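Novice: This is the structure I have questions about; it appears just below.
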Amino acid sequence: EGAFEVGEWDAILALADAAMVAMVETTGTAGPSDFALRWQNDFVKAQRGTFVPFTLTLDARQFVRRAALVYVRAIRRPAPPPDRRRQERDAQPAGAEAAYPVDAIFPVDLSPASAGVPASGFRISRGFSVPPGEYDVIVVMRERVDPATPRARPKVAVLRQPLSVPDFRTSELTTSSVIVADRIAALADPVPANQLAERPYVIGRNEITPAVDRRFGRDEELIVVFLVYNPMVSPEGQFDVRVEYHFFRQGAAGAPVGEGQPAGRAGEQYFNRTEPQRFSRDLMGTAYDPATGEPVMAGQVVPLAGFEAGDYRLDVQVTDLLSGKSISRDVLFTVGS
């Protein structure tokens, strides 16, 4: 299953090139879609550039063979004409820089046992690293055809996703994406290097399963996790970070701001908060040293039983108590009835 025919590769490239033509001509269309393909991604600091873990969600019940090829191409904006980029790629010598920052194809097994989720919500996770900047990502997913049972045309879907990739390689206090998760599993052992490509949401010895969407029932939990980069570290190795989690209900009348409550935005009302988290050398021990570049991993698990049905905003506030700098991140979510 890992190998693929030249005809399959050519067909996928043709679909990606056609999507680029549509993109350059600003027609707004990505390409043919025999099935819905949904994209979600996050951003994390990488050794080189920024790592972009992503998840594709689809209904795998539509496939006959339950096998497909997925092609991912990232193009810096503004995108050059695809014909010229194809000529550059074909003419470049071995070892030369690739024509696209991301130009990868991989097979996927769509059998029910491989997903861990219903076939109607099948998820495929991968990741790539790129320098910070503006990109368009083109994803082509094409059904594989069994030669013994040929079909007139395999099912395909083409997706175009714009990305604004942040730069984490600064000295300023910042964070990764705030990842909304279905669950977080502690790993007994590190993940082998040859499995990391298929498990891009492994952070240290924790594996995050991102939530399919941001709509939850009252019997569920809101799980968020993120990494804090570049807190100030004193010459003695001291650091001190406080993280606060404030909830606002949207579409509600405003109310006076209470003590310790941040001001809300127009059209929302302060709802509640959790206890602040603190991360310091005294609390985490001397084995942890952010001066080496190791991030602080923060997060919260919030039961939603006490939330009424409606739309909410979680305001995550990160304060470096040594430098006095503070940043905030938003998470929008909905609680169903």
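Chain lettering (A, B, ...) mirrors the order of the structure tokens, residue numbering begins at 1 for each chain separately, and ligand numbering begins at 1 in order of display.
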Which residues, written as a ChimeraX atom specification, have at least one atom at most 6 Å from region 175-190 of chain A, with only C-alpha atoms counted and residues fewer than 3 positions away on the same chain left out?
Specialist: /A:42-44,205-211,223-229
Novice: So which residues touch Glu172 (chain A) within 9 Å, counting only C-alpha atoms, skipping near sequence neighbours fewer than 4 positions away, as a list in words?
Specialist: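 Once the nearby chain positions are removed, what remains is Phe168, Tyr229, Asn230, Pro231 and Lys325 of chain A.
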Novice: Please, could you write that set of residues out with N, CA and C atoms as an mmCIF file, in the first residue's frame?
Specialist:
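Ended up saving to again-v7.cif:
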data_model
loop_
_atom_site.group_PDB
_atom_site.id
_atom_site.type_symbol
_atom_site.label_atom_id
_atom_site.label_comp_id
_atom_site.auth_asym_id
_atom_site.auth_seq_id
_atom_site.Cartn_x
_atom_site.Cartn_y
_atom_site.Cartn_z
ATOM 1 N N PHE A 168 7.727 32.029 16.201
ATOM 2 C CA PHE A 168 7.949 31.792 17.623
ATOM 3 C C PHE A 168 9.397 32.037 18.025
ATOM 4 N N TYR A 229 6.196 30.208 25.693
ATOM 5 C CA TYR A 229 7.591 30.372 25.274
ATOM 6 C C TYR A 229 8.176 31.679 25.825
ATOM 7 N N ASN A 230 9.445 31.631 26.136
ATOM 8 C CA ASN A 230 10.281 32.802 26.446
ATOM 9 C C ASN A 230 9.903 33.566 27.716
ATOM 10 N N PRO A 231 9.587 32.892 28.820
ATOM 11 C CA PRO A 231 9.453 33.658 30.057
ATOM 12 C C PRO A 231 10.830 34.173 30.488
ATOM 13 N N LYS A 325 5.319 41.410 31.747
ATOM 14 C CA LYS A 325 4.638 41.328 30.456
ATOM 15 C C LYS A 325 3.462 40.362 30.541
#
Novice: From the list A:Val233, A:Val140, A:Leu58, A:Val52, which residue is nearest Leu15 (chain A) when using only C-alpha atoms?
Specialist: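 Going through A:Val233, A:Val140, A:Leu58, A:Val52 one by one, the smallest distance to Leu15 (chain A) is for A:Val140.
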Novice: Which is closest to Arg265 (chain A) among A:Glu8, A:Asp167, A:Asp315, A:Asp146, if we use only C-alpha atoms?
Specialist: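 Going through A:Glu8, A:Asp167, A:Asp315, A:Asp146 one by one, the smallest distance to Arg265 (chain A) is for A:Asp315.
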Novice: Expressed in Å to a single decimal, how great is the separation between CA of Asp311 (chain A) and CA of Phe333 (chain A)?
Specialist: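 Interatomic distance here is 6.0 Å.
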Novice: Neighbouring residues of Asp103 (chain A) were defined as those with any atom within 9 Å, considering only C-alpha atoms; residues of the same chain fewer than 4 positions away were excluded. Please report them as a list in words.
Specialist: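 The filter keeps Tyr71, Val72, Arg73, Ala74, Ala98 and Ala99 of chain A.
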Novice: Find the residues near region 192-204 of chain A: any atom within 8 Å, counting only C-alpha atoms, skip ones fewer than 5 places away on the same chain, and give them as a VMD selection string.
Specialist: chain A and resid 53 to 54 125 to 127 209
Novice: What separation in Å, quoted to one decimal, exists between CA of Val130 (chain A) and CA of Met232 (chain A)?
Specialist: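 Computing the Euclidean distance for CA of Val130 (chain A) and CA of Met232 (chain A) yields 26.6 Å.
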Novice: Which one is closest to Leu314 (chain A): A:Pro107, A:Pro235, A:Gly264, A:Pro78? Count only C-alpha atoms.
Specialist: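 The shortest atom-to-atom distance to Leu314 (chain A) comes from A:Gly264.
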Novice: Rank A:Tyr312, A:Tyr135, A:Phe307, A:Phe239 by their smallest atom-to-atom distance to Ser280 (chain A), using only C-alpha atoms, and report the top residue only.
Specialist: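 Looking at the shortest contact to Ser280 (chain A), the residue is A:Phe239.
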